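Student: final_11.csv is reproduced below (CSV, C-alpha atoms).
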chain,number,residue,atom,x,y,z
A,1,MET,CA,32.5,66.0,-80.5
A,2,PRO,CA,32.8,66.9,-84.2
A,3,THR,CA,34.6,70.0,-85.4
A,4,PRO,CA,32.6,72.6,-87.3
A,5,SER,CA,34.0,71.3,-90.6
A,6,MET,CA,33.0,67.7,-89.6
A,7,GLU,CA,29.6,69.0,-88.8
A,8,ASP,CA,29.2,70.5,-92.3
A,9,TYR,CA,30.0,67.1,-93.8
A,10,ILE,CA,27.8,65.1,-91.5
A,11,GLU,CA,24.9,67.5,-92.1
A,12,GLN,CA,25.2,67.3,-95.9
A,13,ILE,CA,25.6,63.5,-95.8
A,14,TYR,CA,22.5,63.3,-93.6
A,15,ILE,CA,20.5,65.5,-96.0
A,16,LEU,CA,21.7,63.6,-99.1
A,17,MET,CA,20.8,60.3,-97.5
A,18,ASP,CA,17.4,61.6,-96.6
A,19,GLN,CA,16.7,63.0,-100.1
A,20,LYS,CA,18.3,60.3,-102.2
A,21,GLY,CA,18.9,57.3,-100.0
A,22,TYR,CA,22.6,57.6,-100.5
A,23,ALA,CA,25.5,60.0,-100.4
A,24,ARG,CA,28.2,60.1,-103.0
A,25,SER,CA,31.5,62.0,-102.6
A,26,SER,CA,30.8,64.0,-105.8
A,27,ASP,CA,27.4,65.2,-104.4
A,28,ILE,CA,29.0,66.2,-101.1
A,29,ALA,CA,31.8,68.0,-102.9
A,30,GLU,CA,29.3,69.9,-105.0
A,31,ARG,CA,27.1,70.9,-102.0
A,32,LEU,CA,30.1,72.0,-99.9
A,33,LYS,CA,31.9,73.6,-102.8
A,34,VAL,CA,35.1,71.6,-102.1
A,35,HIS,CA,37.3,69.3,-104.2
A,36,PRO,CA,36.5,65.6,-104.2
A,37,SER,CA,39.9,64.9,-102.7
A,38,SER,CA,38.9,67.0,-99.7
A,39,VAL,CA,35.7,64.9,-99.3
A,40,THR,CA,37.7,61.7,-99.4
A,41,LYS,CA,40.1,62.9,-96.7
A,42,MET,CA,37.2,64.1,-94.4
A,43,VAL,CA,35.1,61.0,-95.0
A,44,LYS,CA,38.1,58.8,-94.0
A,45,LYS,CA,38.4,60.9,-90.8
A,46,LEU,CA,34.7,60.6,-90.1
A,47,ASP,CA,34.9,56.9,-90.6
A,48,GLU,CA,37.8,56.7,-88.1
A,49,GLU,CA,35.7,58.7,-85.6
A,50,ASN,CA,32.8,56.3,-86.1
A,51,PHE,CA,30.4,58.9,-87.6
A,52,LEU,CA,30.0,56.9,-90.8
A,53,HIS,CA,31.1,53.8,-92.7
A,54,TYR,CA,33.1,54.3,-95.9
A,55,GLU,CA,34.2,51.8,-98.4
A,56,LYS,CA,36.1,53.0,-101.4
A,57,TYR,CA,33.9,52.8,-104.5
A,58,ARG,CA,30.9,51.5,-102.5
A,59,GLY,CA,29.5,54.5,-100.7
A,60,ILE,CA,29.0,56.3,-97.5
A,61,ILE,CA,26.6,55.2,-94.7
A,62,LEU,CA,26.1,57.2,-91.5
A,63,THR,CA,26.5,55.2,-88.3
A,64,GLU,CA,23.8,55.5,-85.6
A,65,LYS,CA,26.0,58.1,-84.0
A,66,GLY,CA,26.4,60.0,-87.2
A,67,GLU,CA,22.7,59.8,-88.0
A,68,LYS,CA,21.8,61.2,-84.6
A,69,ILE,CA,24.2,64.1,-85.0
A,70,GLY,CA,23.1,64.7,-88.6
A,71,LYS,CA,19.5,65.0,-87.5
A,72,ARG,CA,20.4,67.4,-84.7
A,73,LEU,CA,22.5,69.5,-87.1
A,74,VAL,CA,19.7,69.8,-89.6
A,75,TYR,CA,17.3,70.7,-86.8
A,76,ARG,CA,19.7,73.5,-85.7
A,77,HIS,CA,20.0,74.8,-89.3
A,78,GLU,CA,16.3,74.8,-89.9
A,79,LEU,CA,15.6,76.4,-86.5
A,80,LEU,CA,18.0,79.2,-87.2
A,81,GLU,CA,16.5,79.8,-90.6
A,82,GLN,CA,13.1,80.1,-89.0
A,83,PHE,CA,14.4,82.4,-86.3
A,84,LEU,CA,16.1,84.7,-88.8
A,85,ALA,CA,12.9,84.8,-90.9
A,86,ILE,CA,10.9,85.7,-87.8
A,87,ILE,CA,13.2,88.6,-86.9
A,88,GLY,CA,12.9,90.0,-90.4
A,89,THR,CA,16.2,89.0,-92.0
A,90,GLU,CA,16.1,89.3,-95.8
A,91,GLU,CA,15.1,85.9,-97.2
A,92,GLU,CA,17.9,85.8,-99.8
A,93,SER,CA,20.5,86.2,-97.1
A,94,ILE,CA,19.2,83.8,-94.5
A,95,TYR,CA,21.1,80.7,-95.7
A,96,GLU,CA,24.4,82.4,-95.7
A,97,GLU,CA,23.7,84.0,-92.3
A,98,VAL,CA,22.9,80.6,-90.8
A,99,GLU,CA,26.1,79.1,-92.3
A,100,GLY,CA,28.0,82.0,-90.6
A,101,ILE,CA,26.5,81.6,-87.1
A,102,GLU,CA,25.4,78.0,-86.6
A,103,HIS,CA,28.8,76.7,-85.3
A,104,HIS,CA,29.2,79.6,-82.9
A,105,LEU,CA,26.1,79.1,-80.8
A,106,SER,CA,25.9,76.7,-77.8
A,107,TRP,CA,23.2,74.1,-77.7
A,108,ASP,CA,21.7,76.0,-74.8
A,109,SER,CA,21.4,79.0,-77.0
A,110,ILE,CA,19.9,76.9,-79.8
A,111,PHE,CA,17.3,75.5,-77.4
A,112,ARG,CA,16.4,79.1,-76.1
A,113,ILE,CA,16.0,80.2,-79.8
A,114,GLY,CA,13.8,77.2,-80.3
A,115,ASP,CA,11.6,78.3,-77.4
A,116,LEU,CA,11.3,81.8,-78.9
A,117,VAL,CA,10.5,80.4,-82.4
A,118,GLU,CA,7.8,78.2,-80.8
A,119,TYR,CA,6.4,81.2,-78.9
A,120,PHE,CA,5.9,83.1,-82.1
A,121,GLN,CA,4.6,80.1,-84.0
A,122,GLN,CA,2.0,79.2,-81.4
A,123,ASP,CA,0.1,82.4,-81.8
A,124,LYS,CA,0.2,84.1,-85.2
A,125,THR,CA,-0.9,87.4,-83.6
A,126,ARG,CA,2.4,87.6,-81.9
A,127,LEU,CA,4.2,87.3,-85.2
A,128,GLU,CA,1.9,89.9,-86.7
A,129,ALA,CA,2.7,92.3,-83.8
A,130,LEU,CA,6.4,91.8,-84.3
A,131,LYS,CA,6.1,92.5,-88.0
A,132,HIS,CA,4.1,95.6,-87.2
A,133,ILE,CA,6.9,96.8,-84.9
A,134,GLN,CA,9.6,96.0,-87.5
A,135,ASN,CA,7.7,97.9,-90.2
A,136,LYS,CA,7.3,100.8,-87.9
A,137,ASN,CA,11.0,100.9,-87.1
A,138,LYS,CA,11.9,100.7,-90.8
A,139,LYS,CA,10.0,103.9,-91.4
A,140,THR,CA,11.8,105.9,-88.7
For the structure just supplied, provide its representation as structure tokens.
Tutor:
Amino acid sequence: MPTPSMEDYIEQIYILMDQKGYARSSDIAERLKVHPSSVTKMVKKLDEENFLHYEKYRGIILTEKGEKIGKRLVYRHELLEQFLAIIGTEEESIYEEVEGIEHHLSWDSIFRIGDLVEYFQQDKTRLEALKHIQNKNKKT
């Protein structure tokens, strides 16, 4: 099982590969706001753990294992963003809030949050009722 730091790297590599078709160390460093040397160190570790294949000066490719985990991590992140939006979290703080909590929730909790998000998305009147309650509580 990857550590939270490993998860951050796998998630960003997965996103970069999905968006660009490749992931460069410099892009990863920029997205994670770390030094390129830190990326190299972590990428070597992820290669040893069979999450990706890394060849110096050639690039980074996720293994099947890494891709599966990357997809799951992106799902978790997007789901938590949807959940925080539903419960009325300020839009400009959602990303940072997700970054702060995503590694601290069990997958069981993530799946329960997914059930709740799905419940509200299935019937827009439920979402409208929740927003009405939230607006009412803001006034008091």
Student: Closest to Lys65 of chain A among A:Val34, A:Leu46, A:Ile28, A:Leu80, using all atoms listed in the file?
Tutor: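 Closest candidate: A:Leu46.
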Student: Using all atoms listed in the file, give me every residue within 12 Å of (15.5, 81.2, -80.3) in file coordinates, as a list of chain:residue names.
Tutor: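 The distance filter leaves exactly A:Arg76, A:His77, A:Glu78, A:Leu79, A:Leu80, A:Glu81, A:Gln82, A:Phe83, A:Leu84, A:Ala85, A:Ile86, A:Ile87, A:Leu105, A:Ser106, A:Trp107, A:Asp108, A:Ser109, A:Ile110, A:Phe111, A:Arg112, A:Ile113, A:Gly114, A:Asp115, A:Leu116, A:Val117, A:Glu118, A:Tyr119, A:Phe120, A:Gln121.
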Student: So how many Å separate atom CA of Ile94 of chain A and atom CA of Val74 of chain A, to one decimal?
Tutor: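 Straight-line distance from atom CA of Ile94 of chain A to atom CA of Val74 of chain A works out to 14.8 Å.
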Student: At what distance in Å, to one decimal, does atom CA of Thr3 of chain A lie from atom CA of Asp47 of chain A?
Tutor: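 That distance, rounded to one decimal, is 14.1 Å.
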Student: Work out how far apart atom CA of Leu73 of chain A and atom CA of Glu49 of chain A are and give it in Å to one decimal.
Tutor: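 These two atoms are separated by 17.1 Å.
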Student: With all atoms listed in the file as the atoms that count, which of A:Asp18, A:Glu7, A:Glu67, A:Glu99 lies nearest to Met42 of chain A?
Tutor: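 Of A:Asp18, A:Glu7, A:Glu67, A:Glu99, the one nearest Met42 of chain A, counting all atoms listed in the file, is A:Glu7.
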Student: Show me as a list in words the residues that reach within 12 Å of (25.1, 59.4, -102.5), counting all atoms listed in the file and using the file's own coordinates.
Tutor: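 Those within range, by chain then number, are Gln12, Ile13, Tyr14, Ile15, Leu16, Met17, Asp18, Gln19, Lys20, Gly21, Tyr22, Ala23, Arg24, Ser25, Ser26, Asp27, Ile28, Ala29, Glu30, Arg31, Tyr54, Tyr57, Arg58, Gly59, Ile60, Ile61 and Leu62 of chain A.
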Student: Give the answer as one residue: which of A:Asp8, A:Pro2, A:Glu55, A:His35 has the shortest atom-to-atom distance to Gly100 of chain A, using all atoms listed in the file?
Tutor: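 Checking each of A:Asp8, A:Pro2, A:Glu55, A:His35 against Gly100 of chain A, counting all atoms listed in the file, the winner is A:Asp8.
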Student: Export N, CA and C atoms of segment 99-115 of chain A from the structure just given, as a PDB file, in the first residue's frame?
Tutor:
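As written to disk, selection-v1.pdb reads:
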ATOM      1  N   GLU A  99      -7.246  18.183  -0.250  1.00  0.00           N
ATOM      2  CA  GLU A  99      -5.844  17.806  -0.049  1.00  0.00           C
ATOM      3  C   GLU A  99      -5.568  17.521   1.430  1.00  0.00           C
ATOM      4  N   GLY A 100      -6.258  18.217   2.297  1.00  0.00           N
ATOM      5  CA  GLY A 100      -6.044  18.040   3.731  1.00  0.00           C
ATOM      6  C   GLY A 100      -6.698  16.800   4.321  1.00  0.00           C
ATOM      7  N   ILE A 101      -7.762  16.310   3.680  1.00  0.00           N
ATOM      8  CA  ILE A 101      -8.492  15.188   4.288  1.00  0.00           C
ATOM      9  C   ILE A 101      -8.396  13.869   3.528  1.00  0.00           C
ATOM     10  N   GLU A 102      -8.039  13.911   2.248  1.00  0.00           N
ATOM     11  CA  GLU A 102      -8.171  12.707   1.433  1.00  0.00           C
ATOM     12  C   GLU A 102      -7.356  11.516   1.922  1.00  0.00           C
ATOM     13  N   HIS A 103      -6.228  11.741   2.550  1.00  0.00           N
ATOM     14  CA  HIS A 103      -5.399  10.627   3.019  1.00  0.00           C
ATOM     15  C   HIS A 103      -5.833  10.100   4.385  1.00  0.00           C
ATOM     16  N   HIS A 104      -6.767  10.771   5.012  1.00  0.00           N
ATOM     17  CA  HIS A 104      -7.161  10.415   6.374  1.00  0.00           C
ATOM     18  C   HIS A 104      -8.484   9.671   6.461  1.00  0.00           C
ATOM     19  N   LEU A 105      -9.082   9.396   5.325  1.00  0.00           N
ATOM     20  CA  LEU A 105     -10.354   8.687   5.302  1.00  0.00           C
ATOM     21  C   LEU A 105     -10.144   7.264   4.793  1.00  0.00           C
ATOM     22  N   SER A 106     -10.833   6.331   5.402  1.00  0.00           N
ATOM     23  CA  SER A 106     -10.758   4.946   4.931  1.00  0.00           C
ATOM     24  C   SER A 106     -11.540   4.828   3.626  1.00  0.00           C
ATOM     25  N   TRP A 107     -11.261   3.763   2.888  1.00  0.00           N
ATOM     26  CA  TRP A 107     -12.016   3.543   1.661  1.00  0.00           C
ATOM     27  C   TRP A 107     -13.479   3.252   1.966  1.00  0.00           C
ATOM     28  N   ASP A 108     -13.758   2.670   3.110  1.00  0.00           N
ATOM     29  CA  ASP A 108     -15.150   2.456   3.501  1.00  0.00           C
ATOM     30  C   ASP A 108     -15.868   3.800   3.628  1.00  0.00           C
ATOM     31  N   SER A 109     -15.216   4.765   4.272  1.00  0.00           N
ATOM     32  CA  SER A 109     -15.807   6.106   4.394  1.00  0.00           C
ATOM     33  C   SER A 109     -15.963   6.762   3.029  1.00  0.00           C
ATOM     34  N   ILE A 110     -14.973   6.594   2.171  1.00  0.00           N
ATOM     35  CA  ILE A 110     -15.051   7.170   0.820  1.00  0.00           C
ATOM     36  C   ILE A 110     -16.264   6.598   0.080  1.00  0.00           C
ATOM     37  N   PHE A 111     -16.469   5.296   0.178  1.00  0.00           N
ATOM     38  CA  PHE A 111     -17.603   4.683  -0.504  1.00  0.00           C
ATOM     39  C   PHE A 111     -18.933   5.160   0.082  1.00  0.00           C
ATOM     40  N   ARG A 112     -19.001   5.389   1.399  1.00  0.00           N
ATOM     41  CA  ARG A 112     -20.232   5.908   2.011  1.00  0.00           C
ATOM     42  C   ARG A 112     -20.480   7.339   1.542  1.00  0.00           C
ATOM     43  N   ILE A 113     -19.418   8.125   1.438  1.00  0.00           N
ATOM     44  CA  ILE A 113     -19.556   9.489   0.907  1.00  0.00           C
ATOM     45  C   ILE A 113     -20.046   9.408  -0.537  1.00  0.00           C
ATOM     46  N   GLY A 114     -19.531   8.446  -1.286  1.00  0.00           N
ATOM     47  CA  GLY A 114     -19.991   8.240  -2.666  1.00  0.00           C
ATOM     48  C   GLY A 114     -21.474   7.940  -2.728  1.00  0.00           C
ATOM     49  N   ASP A 115     -21.956   7.128  -1.791  1.00  0.00           N
ATOM     50  CA  ASP A 115     -23.396   6.830  -1.724  1.00  0.00           C
ATOM     51  C   ASP A 115     -24.196   8.108  -1.472  1.00  0.00           C
TER      52      ASP A 115
END
